[in-house]
$ cat entry_0.txt   # compact mmCIF, C-alpha atoms
# COMPACT_ATOMS: atom_id res chain seq x y z
CA MET A 125 47.47 107.70 119.10
CA THR A 126 44.85 106.81 116.49
CA GLU A 127 45.89 103.16 116.58
CA LEU A 128 45.76 103.09 120.38
CA ALA A 129 42.29 104.60 120.37
CA LYS A 130 41.10 101.96 117.89
CA LYS A 131 42.48 99.13 120.04
CA ASP A 132 40.45 100.37 123.03
CA GLU A 133 42.90 98.74 125.43
CA LYS A 134 41.92 98.65 129.08
CA VAL A 135 43.93 100.90 131.40
CA GLU A 136 44.80 99.10 134.63
CA ARG A 137 46.23 100.51 137.85
CA ARG A 138 48.43 98.80 140.37
CA VAL A 139 50.30 99.97 143.44
CA LEU A 140 53.83 99.00 144.52
CA PRO A 141 55.89 99.88 147.59
CA ARG A 142 58.42 102.58 146.76
CA ASP A 143 61.54 100.39 146.90
CA GLU A 144 59.89 97.67 144.84
CA ALA A 145 58.89 100.25 142.22
CA VAL A 146 62.48 101.53 142.06
CA ALA A 147 63.79 98.01 141.47
CA TYR A 148 61.08 97.35 138.87
CA PHE A 149 61.95 100.36 136.71
CA LYS A 150 65.68 99.80 137.08
CA GLY A 151 65.09 96.31 135.74
CA LEU A 152 63.40 97.84 132.69
CA GLY A 153 66.33 100.20 132.16
CA GLU A 154 64.11 103.19 133.09
CA HIS A 155 66.69 104.89 135.29
CA TYR A 156 65.10 108.35 135.12
CA LYS A 157 61.82 106.99 136.47
CA ALA A 158 63.70 105.05 139.14
CA GLU A 159 65.40 108.29 140.19
CA ILE A 160 62.06 110.10 140.45
CA ILE A 161 60.58 107.33 142.59
CA SER A 162 63.66 107.32 144.84
CA SER A 163 62.85 110.92 145.81
CA ILE A 164 59.46 109.82 147.19
CA PRO A 165 59.54 109.37 151.01
CA ALA A 166 60.31 105.84 152.14
CA GLY A 167 57.29 103.75 153.04
CA GLU A 168 54.96 105.43 150.53
CA ASP A 169 53.27 103.49 147.78
CA VAL A 170 53.67 104.27 144.09
CA SER A 171 50.90 103.94 141.50
CA LEU A 172 51.55 102.51 138.03
CA TYR A 173 49.22 102.37 135.02
CA ARG A 174 49.32 99.79 132.25
CA GLU A 175 47.69 99.63 128.83
CA GLY A 176 48.71 96.72 126.67
CA LYS A 177 52.44 96.08 127.10
CA PHE A 178 53.21 99.63 128.21
CA GLU A 179 53.35 100.46 131.92
CA ASP A 180 54.30 103.82 133.37
CA LEU A 181 54.62 105.73 136.61
CA CYS A 182 51.70 108.11 137.22
CA ARG A 183 49.54 109.47 140.04
CA GLY A 184 46.44 109.20 137.88
CA PRO A 185 43.57 108.94 137.56
CA HIS A 186 43.30 107.74 133.94
CA VAL A 187 40.55 107.05 131.46
CA PRO A 188 39.18 103.46 131.70
CA SER A 189 40.47 102.56 128.23
CA THR A 190 42.38 104.04 125.29
CA GLY A 191 39.15 104.10 123.27
CA LYS A 192 38.23 107.27 125.18
CA LEU A 193 41.10 109.15 123.51
CA LYS A 194 39.73 109.45 119.99
CA HIS A 195 39.64 113.25 119.96
CA PHE A 196 43.17 114.51 120.49
CA LYS A 197 45.82 116.81 119.12
CA LEU A 198 49.58 116.73 119.57
CA MET A 199 50.52 120.34 120.25
CA LYS A 200 54.29 120.62 120.11
CA VAL A 201 57.64 118.95 120.73
CA ALA A 202 60.36 120.51 122.85
CA GLY A 203 63.74 119.61 124.28
CA ALA A 204 64.36 119.69 128.01
CA TYR A 205 67.39 118.88 130.15
CA TRP A 206 66.83 116.20 132.76
CA ARG A 207 66.01 117.89 136.07
CA GLY A 208 66.38 121.26 134.32
CA ASP A 209 70.19 121.00 134.52
CA HIS A 210 72.13 121.74 131.31
CA ARG A 211 74.83 119.33 132.44
CA ASN A 212 72.36 116.45 132.11
CA GLU A 213 71.14 114.72 128.98
CA MET A 214 68.71 116.51 126.69
CA LEU A 215 65.35 114.73 126.57
CA GLN A 216 62.37 115.19 124.29
CA ARG A 217 59.02 116.35 125.63
CA VAL A 218 55.80 115.87 123.65
CA TYR A 219 52.77 118.02 124.51
CA GLY A 220 49.25 116.89 123.67
CA THR A 221 45.62 117.21 124.71
CA ALA A 222 42.64 114.85 124.50
CA TRP A 223 38.91 115.49 124.95
CA ALA A 224 35.68 113.54 125.24
CA SER A 225 34.27 114.89 121.97
CA LYS A 226 35.44 116.55 118.78
CA ASP A 227 33.43 119.63 119.68
CA ASP A 228 35.11 119.94 123.08
CA LEU A 229 38.53 119.62 121.44
CA GLN A 230 37.73 122.35 118.94
CA LYS A 231 36.43 124.67 121.65
CA TYR A 232 39.68 124.21 123.56
CA LEU A 233 41.83 124.90 120.48
CA THR A 234 39.77 128.01 119.70
CA MET A 235 40.25 129.21 123.27
CA LEU A 236 44.02 128.82 122.90
CA GLU A 237 43.97 130.79 119.65
CA GLU A 238 42.00 133.61 121.27
CA ALA A 239 44.30 133.60 124.31
CA GLU A 240 47.33 133.87 122.04
CA LYS A 241 45.87 137.00 120.44
CA ARG A 242 45.67 138.50 123.93
CA ASP A 243 49.11 137.37 125.08
CA HIS A 244 50.46 140.13 127.32
CA ARG A 245 53.91 139.91 125.73
CA LYS A 246 52.41 140.42 122.28
CA LEU A 247 50.13 143.26 123.37
CA GLY A 248 52.86 144.93 125.39
CA ARG A 249 55.03 145.12 122.29
CA GLU A 250 52.29 146.10 119.83
CA LEU A 251 50.78 148.78 122.08
CA ASP A 252 54.18 150.09 123.19
CA LEU A 253 53.38 149.40 126.86
CA PHE A 254 56.52 147.56 127.96
CA HIS A 255 59.26 145.22 126.84
CA LEU A 256 61.11 142.24 128.27
CA ASP A 257 64.87 141.87 128.01
CA GLU A 258 66.80 138.61 127.89
CA HIS A 259 69.56 140.19 130.00
CA SER A 260 67.13 140.49 132.93
CA PRO A 261 64.63 137.59 132.69
CA GLY A 262 61.34 138.21 134.42
CA THR A 263 61.83 141.96 134.67
CA VAL A 264 59.31 144.27 132.98
CA PHE A 265 60.66 147.50 131.50
CA TRP A 266 57.69 149.85 131.43
CA HIS A 267 57.27 152.43 128.67
CA PRO A 268 55.49 155.76 129.39
CA LYS A 269 52.03 154.60 128.24
CA GLY A 270 52.34 151.29 130.06
CA TRP A 271 53.48 152.89 133.30
CA ALA A 272 50.62 155.37 133.15
CA LEU A 273 48.21 152.43 132.79
CA TRP A 274 49.87 150.63 135.74
CA GLN A 275 49.48 153.71 137.94
CA GLU A 276 45.79 154.06 137.07
CA VAL A 277 45.13 150.44 138.05
CA GLU A 278 47.20 150.78 141.21
CA GLN A 279 45.32 153.88 142.34
CA TYR A 280 42.00 152.19 141.64
CA MET A 281 43.00 149.19 143.79
CA ARG A 282 44.12 151.53 146.56
CA ARG A 283 40.68 153.11 146.60
CA VAL A 284 39.00 149.68 146.69
CA TYR A 285 41.14 148.50 149.61
CA ARG A 286 40.69 151.76 151.52
CA ASP A 287 36.92 151.73 151.03
CA ASN A 288 36.79 148.18 152.39
CA GLY A 289 38.71 148.88 155.57
CA TYR A 290 42.20 147.73 154.59
CA GLN A 291 45.48 149.44 155.37
CA GLU A 292 48.53 149.47 153.12
CA VAL A 293 51.96 148.19 154.12
CA ARG A 294 55.17 147.77 152.16
CA GLY A 295 57.69 144.96 152.05
CA ARG A 296 60.15 143.09 149.90
CA SER A 297 58.94 141.23 146.80
CA CYS A 298 61.10 138.17 147.54
CA SER A 299 61.71 136.26 150.74
CA THR A 300 62.42 132.73 151.92
CA ARG A 301 59.78 130.02 151.89
CA ARG A 302 59.92 130.02 155.68
CA CYS A 303 58.20 133.41 155.68
CA GLY A 304 55.22 132.08 153.75
CA ARG A 305 54.87 129.13 156.10
CA ARG A 306 54.64 131.11 159.32
CA PRO A 307 51.31 130.91 161.24
CA ALA A 308 48.65 133.35 160.07
CA THR A 309 48.52 134.84 163.57
CA GLY A 310 52.29 135.31 163.80
CA THR A 311 54.25 138.52 163.37
CA SER A 312 56.76 138.91 160.55
CA THR A 313 60.19 140.11 161.64
CA GLY A 314 63.52 140.62 159.93
CA ARG A 315 64.81 137.50 161.66
CA THR A 316 61.93 135.36 160.44
CA CYS A 317 61.91 136.55 156.83
CA SER A 318 65.37 137.09 155.41
CA ARG A 319 65.36 139.46 152.45
CA ARG A 320 66.84 138.31 149.16
CA SER A 321 65.92 141.18 146.90
CA ARG A 322 66.48 144.91 146.92
CA ARG A 323 63.24 145.49 145.06
CA SER A 324 60.12 146.46 146.96
CA ALA A 325 56.50 145.55 146.38
CA THR A 326 53.27 146.88 147.78
CA THR A 327 51.15 144.47 149.81
CA ARG A 328 48.08 144.89 151.92
CA SER A 329 46.93 143.59 155.28
CA SER A 330 43.54 143.72 156.96
CA ARG A 331 42.97 145.61 160.19

$ encode --input "entry_0.txt" --output "structure tokens"
Amino acid sequence: MTELAKKDEKVERRVLPRDEAVAYFKGLGEHYKAEIISSIPAGEDVSLYREGKFEDLCRGPHVPSTGKLKHFKLMKVAGAYWRGDHRNEMLQRVYGTAWASKDDLQKYLTMLEEAEKRDHRKLGRELDLFHLDEHSPGTVFWHPKGWALWQEVEQYMRRVYRDNGYQEVRGRSCSTRRCGRRPATGTSTGRTCSRRSRRSATTRSSR
């Protein structure tokens, strides 16, 4: 990264038709990128960005040159299965961030540090509010103090909604995407929104 910033290489954009972009990356042996492009609807153009000898698929936009990337930090490295499927090859993912100035970079890193101190998973454990269990990912198991706090917040929100002319309804917490896409003026029915979860959630609707 430091060497690239020193070179200050110009970043250039070009656009190819989808099928031509697929053939281009297949020719480079970049079969994963070719697969991604193949999922784009036929007839759409694909944007590519080049700096020096390296060219990659990206929507953009990008900085005008690599010289703008002097203030950066590589954050972490992680493994990830292609397309999130454990049957596929494990790939390596590198996370990083770059900023216009050293001061901006430091402010961002400080913000991350402060956010980590306030991570809800950390606070939930330290304050004995709740815990998460690997046997039920995404489910919160509330402890007495945490549930009391939840109820206080819930009652406060009920008062706010009631005071502002809203009524309370109740429905499932999970449904198909079709339900969310229905017209705003439509009426939700059991036939329109199939239920996939036995859990319930409280929602509100305006009069």

$ atom_distance --input "entry_0.txt" --atom1 "atom CA of Leu236 of chain A" --atom2 "atom CA of Val264 of chain A"
24.0 Å

$ atom_distance --input "entry_0.txt" --atom1 "atom CA of Glu133 of chain A" --atom2 "atom CA of Gln216 of chain A"
25.5 Å

$ atom_distance --input "entry_0.txt" --atom1 "atom CA of Lys150 of chain A" --atom2 "atom CA of Leu128 of chain A"
26.2 Å

$ closest_residue --input "entry_0.txt" --among "A:His195, A:Arg183, A:Lys157, A:Lys231" --to "Arg207 of chain A" --atoms "only C-alpha atoms"
A:Lys157

$ closest_residue --input "entry_0.txt" --among "A:Val284, A:Ala239, A:Leu172, A:Leu273" --to "His186 of chain A" --atoms "all atoms listed in the file"
A:Leu172

$ axis_aligned_box --input "entry_0.txt" --around "segment 255-261 of chain A" --padding-each-side "3 Å" --output "AutoDock Vina command-line options"
--center_x 64.4 --center_y 141.4 --center_z 129.9 --size_x 16.3 --size_y 13.6 --size_z 12.1

$ closest_residue --input "entry_0.txt" --among "A:Lys226, A:His244, A:Arg217, A:His267" --to "Lys197 of chain A" --atoms "all atoms listed in the file"
A:Lys226

$ closest_residue --input "entry_0.txt" --among "A:Thr126, A:Asn288, A:Thr263, A:Gln275" --to "Gly191 of chain A" --atoms "only C-alpha atoms"
A:Thr126

$ closest_residue --input "entry_0.txt" --among "A:Lys200, A:Lys194, A:His210, A:Arg138" --to "Glu175 of chain A" --atoms "only C-alpha atoms"
A:Arg138

$ closest_residue --input "entry_0.txt" --among "A:Ala158, A:Cys182, A:Val187, A:Val201" --to "Ala224 of chain A" --atoms "all atoms listed in the file"
A:Val187

$ residues_around --input "entry_0.txt" --residues "Pro188 of chain A" --least-positions-apart "2" --cutoff "8 Å" --atoms "all atoms listed in the file" --output "MDAnalysis selection string"
chainID A and resid 134:136 186 190 192

$ residues_around --input "entry_0.txt" --residues "Pro268 of chain A" --least-positions-apart "3" --cutoff "10 Å" --atoms "all atoms listed in the file" --output "number ranges by chain"
A: 252-254, 265, 271-274

$ write_last_selection --input "entry_0.txt" --atoms "C-alpha atoms" --output "PDB file, in the coordinates of the input"
ATOM      1  CA  ASP A 252      54.180 150.090 123.190  1.00  0.00           C
ATOM      2  CA  LEU A 253      53.380 149.400 126.860  1.00  0.00           C
ATOM      3  CA  PHE A 254      56.520 147.560 127.960  1.00  0.00           C
ATOM      4  CA  PHE A 265      60.660 147.500 131.500  1.00  0.00           C
ATOM      5  CA  TRP A 271      53.480 152.890 133.300  1.00  0.00           C
ATOM      6  CA  ALA A 272      50.620 155.370 133.150  1.00  0.00           C
ATOM      7  CA  LEU A 273      48.210 152.430 132.790  1.00  0.00           C
ATOM      8  CA  TRP A 274      49.870 150.630 135.740  1.00  0.00           C
TER       9      TRP A 274
END

$ residues_around --input "entry_0.txt" --residues "Val139 of chain A" --least-positions-apart "3" --cutoff "7 Å" --atoms "all atoms listed in the file" --output "PyMOL selection string"
chain A and resi 169-172
